[in-house]
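K.L.:
Pasting in a structure now, in structure tokens, and then I'll have a few things to ask.
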Amino acid sequence: GDSVTQMEGPVTLSEEAFLTINCTYTATGYPSLFWYVQYPGEGLQLLLKATKADDKGSNKGFEATYRKETTSFHLEKGSVQVSDSAVYFCALSAWYGNKLVFGAGTILRVKS
Amino acid sequence: KAGVTQTPRYLIKTRGQQVTLSCSPISGHRSVSWYQQTPGQGLQFLFEYFSETQRNKGNFPGRFSGRQFSNSRSEMNVSTLELGDSALYLCASSPATGPEQYFGPGTRLTVT
């Protein structure tokens, strides 16, 4: 079945450091890919999306490129802030329906 | 536009009881999906409704059920509650124009 694997955390960075969170997927067909962020006590917020190969999703300084050849969708940010501390989830939505398959989540901690 | 709303936000129930959770999607969204989030299993898909019909279902026992009304509002019901049903239940709605899903704040269910 479809699955998403993302790097284990927690990831601890200093403010203004470069962030990469790795995400790879297994799916039949051509899924859409997403990054969601969850702050303590809240639901999930859509951070960015990509719906086809080579698409780059971007939002709030975060970027991810849909790489079909490596089945990856790594999240990057050039300079993290303390306010970016949260749990980040990589997810896919298969071509056949509205069902999100999530990775396990990666905790990001940013220190000032 | 108002976001996805869920009620109640917190709920404490006793084992063996049943519970009903409610979700109001973003205006104009006709697809509503439900997810369960636990520390052990992560985010798991429960079911999806579109135009009052269940379109997709995850691997949960029959104690978990849902429905959607003509105004797209949705409810999920869990009967004969078990301790393992303690979780954050998240509702998400989708526009007709894309695969992304927008989440509500969730209902935190505690079964004692």
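Note on naming: chains are A, B, ... as they come in the structure tokens, residues start from 1 per chain, ligands start from 1 in the order shown.
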Show me, as a tab-separated table, the residues of range 4-61 of chain B having an atom within 12 Å of range 86-110 of chain A, each with the closest atom pair and its distance in Å, using only C-alpha atoms.

P.N.:
residue	atom	partner	partner_atom	distance
B:Arg30	CA	A:Asn98	CA	11.6
B:Ser31	CA	A:Asn98	CA	8.2
B:Val32	CA	A:Asn98	CA	9.0
B:Ser33	CA	A:Lys99	CA	7.7
B:Trp34	CA	A:Lys99	CA	9.4
B:Tyr35	CA	A:Leu100	CA	9.1
B:Gln36	CA	A:Phe102	CA	11.4
B:Gln37	CA	A:Ala104	CA	10.5
B:Thr38	CA	A:Ala104	CA	10.6
B:Pro39	CA	A:Ala104	CA	9.4
B:Gly40	CA	A:Ala104	CA	9.6
B:Gln41	CA	A:Ala104	CA	8.3
B:Gly42	CA	A:Ala104	CA	5.9
B:Leu43	CA	A:Phe102	CA	6.3
B:Gln44	CA	A:Val101	CA	7.4
B:Phe45	CA	A:Lys99	CA	6.7
B:Leu46	CA	A:Lys99	CA	9.0
B:Phe47	CA	A:Lys99	CA	8.0
B:Glu48	CA	A:Asn98	CA	7.1
B:Tyr49	CA	A:Asn98	CA	9.3
B:Phe50	CA	A:Asn98	CA	9.7
B:Gln54	CA	A:Asn98	CA	11.3
B:Arg55	CA	A:Gly97	CA	8.2
B:Asn56	CA	A:Lys99	CA	7.4
B:Lys57	CA	A:Lys99	CA	8.7
B:Gly58	CA	A:Lys99	CA	8.7

K.L.:
Within 6 Å of chain B, which residues belong to chain A? Use only C-alpha atoms and report them as a count of residues only.

P.N.:
4

K.L.:
Tell me which protein, DNA and RNA residues are within 8 Å of range 13-17 of chain A, counting only C-alpha atoms, leaving out same-chain ones fewer than 6 positions away, and put them as a list of chain:residue names.

P.N.:
A:Gly78, A:Ser79, A:Val80, A:Gln81, A:Val82, A:Leu108, A:Arg109, A:Val110, A:Lys111, A:Ser112

K.L.:
Grab the CA of Gly9 in chain A to CA of Lys49 in chain A distance for me, in Å with one decimal place.

P.N.:
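That distance, rounded to one decimal, is 21.9 Å.
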
K.L.:
As a ChimeraX atom specification, please: the residues near Ser72 in chain A (cut-off 9 Å, only C-alpha atoms, same-chain neighbours under 4 positions excluded).

P.N.:
/A:22-25,65-68

K.L.:
Residues at most 6 Å from range 65-80 of chain B, counting only C-alpha atoms, excluding those fewer than 3 positions away in the same chain, as an mmCIF file with C-alpha atoms, in the first residue's frame?

P.N.:
data_model
loop_
_atom_site.group_PDB
_atom_site.id
_atom_site.type_symbol
_atom_site.label_atom_id
_atom_site.label_comp_id
_atom_site.auth_asym_id
_atom_site.auth_seq_id
_atom_site.Cartn_x
_atom_site.Cartn_y
_atom_site.Cartn_z
ATOM 1 C CA GLY B 16 -18.620 1.227 27.028
ATOM 2 C CA GLN B 17 -20.334 4.541 26.309
ATOM 3 C CA GLN B 18 -20.813 6.031 22.881
ATOM 4 C CA VAL B 19 -19.837 9.443 21.560
ATOM 5 C CA THR B 20 -20.743 11.730 18.674
ATOM 6 C CA LEU B 21 -18.339 14.328 17.283
ATOM 7 C CA SER B 22 -19.344 17.107 14.931
ATOM 8 C CA CYS B 23 -17.558 18.872 12.085
ATOM 9 C CA SER B 24 -18.526 21.874 9.963
ATOM 10 C CA ARG B 30 -18.368 19.127 -0.043
ATOM 11 C CA GLU B 52 -23.768 12.600 1.904
#

K.L.:
Can you tell me, as a PDB file with N, CA, C and O atoms, in the first residue's frame, what residues are no more than 12 Å from Thr71 in chain A when counting only C-alpha atoms, ignoring any on the same chain fewer than 6 positions away?

P.N.:
ATOM      1  N   ASP A   2       0.191   2.372  -0.120  1.00  0.00           N
ATOM      2  CA  ASP A   2       0.888   3.660  -0.102  1.00  0.00           C
ATOM      3  C   ASP A   2       1.490   3.934   1.270  1.00  0.00           C
ATOM      4  O   ASP A   2       0.884   3.596   2.291  1.00  0.00           O
ATOM      5  N   SER A   3       2.650   4.546   1.289  1.00  0.00           N
ATOM      6  CA  SER A   3       3.285   4.858   2.568  1.00  0.00           C
ATOM      7  C   SER A   3       4.200   6.067   2.434  1.00  0.00           C
ATOM      8  O   SER A   3       4.642   6.416   1.336  1.00  0.00           O
ATOM      9  N   VAL A   4       4.472   6.696   3.583  1.00  0.00           N
ATOM     10  CA  VAL A   4       5.360   7.854   3.653  1.00  0.00           C
ATOM     11  C   VAL A   4       6.361   7.614   4.775  1.00  0.00           C
ATOM     12  O   VAL A   4       5.965   7.231   5.882  1.00  0.00           O
ATOM     13  N   THR A   5       7.619   7.867   4.500  1.00  0.00           N
ATOM     14  CA  THR A   5       8.667   7.733   5.504  1.00  0.00           C
ATOM     15  C   THR A   5       9.368   9.074   5.660  1.00  0.00           C
ATOM     16  O   THR A   5       9.819   9.659   4.674  1.00  0.00           O
ATOM     17  N   GLN A   6       9.452   9.567   6.873  1.00  0.00           N
ATOM     18  CA  GLN A   6      10.159  10.818   7.087  1.00  0.00           C
ATOM     19  C   GLN A   6      11.170  10.649   8.206  1.00  0.00           C
ATOM     20  O   GLN A   6      11.044   9.740   9.044  1.00  0.00           O
ATOM     21  N   ASN A  22      13.798  15.197   5.676  1.00  0.00           N
ATOM     22  CA  ASN A  22      13.673  14.267   4.553  1.00  0.00           C
ATOM     23  C   ASN A  22      12.337  13.534   4.565  1.00  0.00           C
ATOM     24  O   ASN A  22      11.822  13.160   5.627  1.00  0.00           O
ATOM     25  N   CYS A  23      11.799  13.331   3.370  1.00  0.00           N
ATOM     26  CA  CYS A  23      10.548  12.593   3.202  1.00  0.00           C
ATOM     27  C   CYS A  23      10.620  11.794   1.916  1.00  0.00           C
ATOM     28  O   CYS A  23      10.948  12.349   0.851  1.00  0.00           O
ATOM     29  N   THR A  24      10.334  10.502   1.996  1.00  0.00           N
ATOM     30  CA  THR A  24      10.224   9.674   0.801  1.00  0.00           C
ATOM     31  C   THR A  24       8.882   8.960   0.835  1.00  0.00           C
ATOM     32  O   THR A  24       8.283   8.781   1.899  1.00  0.00           O
ATOM     33  N   TYR A  25       8.419   8.546  -0.320  1.00  0.00           N
ATOM     34  CA  TYR A  25       7.094   7.943  -0.380  1.00  0.00           C
ATOM     35  C   TYR A  25       7.092   6.714  -1.279  1.00  0.00           C
ATOM     36  O   TYR A  25       7.970   6.527  -2.137  1.00  0.00           O
ATOM     37  N   THR A  26       6.089   5.888  -1.072  1.00  0.00           N
ATOM     38  CA  THR A  26       5.800   4.751  -1.946  1.00  0.00           C
ATOM     39  C   THR A  26       4.333   4.856  -2.328  1.00  0.00           C
ATOM     40  O   THR A  26       3.469   4.956  -1.444  1.00  0.00           O
ATOM     41  N   ALA A  27       4.060   4.867  -3.612  1.00  0.00           N
ATOM     42  CA  ALA A  27       2.669   4.979  -4.063  1.00  0.00           C
ATOM     43  C   ALA A  27       2.560   4.506  -5.496  1.00  0.00           C
ATOM     44  O   ALA A  27       3.512   4.591  -6.265  1.00  0.00           O
ATOM     45  N   THR A  28       1.384   4.017  -5.831  1.00  0.00           N
ATOM     46  CA  THR A  28       1.114   3.690  -7.228  1.00  0.00           C
ATOM     47  C   THR A  28       0.601   4.949  -7.917  1.00  0.00           C
ATOM     48  O   THR A  28      -0.005   5.820  -7.294  1.00  0.00           O
ATOM     49  N   GLY A  29       0.885   5.050  -9.184  1.00  0.00           N
ATOM     50  CA  GLY A  29       0.385   6.199  -9.920  1.00  0.00           C
ATOM     51  C   GLY A  29       1.126   7.475  -9.556  1.00  0.00           C
ATOM     52  O   GLY A  29       2.309   7.467  -9.219  1.00  0.00           O
ATOM     53  N   TYR A  30       0.394   8.564  -9.579  1.00  0.00           N
ATOM     54  CA  TYR A  30       0.988   9.889  -9.398  1.00  0.00           C
ATOM     55  C   TYR A  30       0.294  10.609  -8.251  1.00  0.00           C
ATOM     56  O   TYR A  30      -0.687  11.315  -8.465  1.00  0.00           O
ATOM     57  N   PRO A  31       0.802  10.432  -7.040  1.00  0.00           N
ATOM     58  CA  PRO A  31       0.133  11.075  -5.898  1.00  0.00           C
ATOM     59  C   PRO A  31       0.406  12.572  -5.847  1.00  0.00           C
ATOM     60  O   PRO A  31       1.347  13.063  -6.490  1.00  0.00           O
ATOM     61  N   SER A  32      -0.402  13.280  -5.091  1.00  0.00           N
ATOM     62  CA  SER A  32      -0.097  14.648  -4.702  1.00  0.00           C
ATOM     63  C   SER A  32       0.627  14.581  -3.363  1.00  0.00           C
ATOM     64  O   SER A  32       0.386  13.681  -2.555  1.00  0.00           O
ATOM     65  N   LEU A  33       1.525  15.527  -3.123  1.00  0.00           N
ATOM     66  CA  LEU A  33       2.348  15.515  -1.917  1.00  0.00           C
ATOM     67  C   LEU A  33       2.151  16.791  -1.122  1.00  0.00           C
ATOM     68  O   LEU A  33       1.947  17.874  -1.705  1.00  0.00           O
ATOM     69  N   LYS A  52       2.363  17.479  -9.067  1.00  0.00           N
ATOM     70  CA  LYS A  52       2.971  16.687 -10.133  1.00  0.00           C
ATOM     71  C   LYS A  52       4.487  16.786 -10.060  1.00  0.00           C
ATOM     72  O   LYS A  52       5.045  17.677  -9.408  1.00  0.00           O
ATOM     73  N   ALA A  53       5.126  15.859 -10.765  1.00  0.00           N
ATOM     74  CA  ALA A  53       6.590  15.777 -10.737  1.00  0.00           C
ATOM     75  C   ALA A  53       7.221  17.106 -11.113  1.00  0.00           C
ATOM     76  O   ALA A  53       6.759  17.804 -12.022  1.00  0.00           O
ATOM     77  N   ASP A  54       8.288  17.458 -10.373  1.00  0.00           N
ATOM     78  CA  ASP A  54       9.091  18.665 -10.555  1.00  0.00           C
ATOM     79  C   ASP A  54       8.406  19.935 -10.063  1.00  0.00           C
ATOM     80  O   ASP A  54       9.007  21.007 -10.107  1.00  0.00           O
ATOM     81  N   THR A  65      10.387  20.144  -3.263  1.00  0.00           N
ATOM     82  CA  THR A  65      10.254  19.824  -4.685  1.00  0.00           C
ATOM     83  C   THR A  65       9.873  18.362  -4.848  1.00  0.00           C
ATOM     84  O   THR A  65      10.492  17.478  -4.245  1.00  0.00           O
ATOM     85  N   LEU A  92       0.839  12.112   1.544  1.00  0.00           N
ATOM     86  CA  LEU A  92       0.481  11.959   0.141  1.00  0.00           C
ATOM     87  C   LEU A  92      -1.007  11.694   0.017  1.00  0.00           C
ATOM     88  O   LEU A  92      -1.651  11.175   0.933  1.00  0.00           O
TER      89      LEU A  92
END

K.L.:
Separation of CA of Ile26 in chain B and CA of Pro8 in chain B, in Å?

P.N.:
17.2 Å

K.L.:
May I ask for the distance between CA of Leu109 in chain B and CA of Arg15 in chain B, given in Å to one decimal place?

P.N.:
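CA of Arg15 in chain B lies 11.6 Å from CA of Leu109 in chain B.
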
K.L.:
As a VMD selection string, please: every residue in range 42-95 of chain B that DSSP puts in strand (DSSP E or B).

P.N.:
chain B and resid 42 to 50 53 to 57 64 to 68 74 to 78 87 to 94

K.L.:
Choose the residue, out of A:Gln45, A:Lys56, A:Gly61, A:Asp84, that has the smallest atom-to-atom separation from Gly3 in chain B; count only C-alpha atoms.

P.N.:
A:Gln45

K.L.:
Rank nothing, just name the residue among B:Ser51, B:Thr7, B:Thr110, B:Thr14 nearest to Gly28 in chain B, using only C-alpha atoms.

P.N.:
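Checking each of B:Ser51, B:Thr7, B:Thr110, B:Thr14 against Gly28 in chain B, counting only C-alpha atoms, the winner is B:Ser51.
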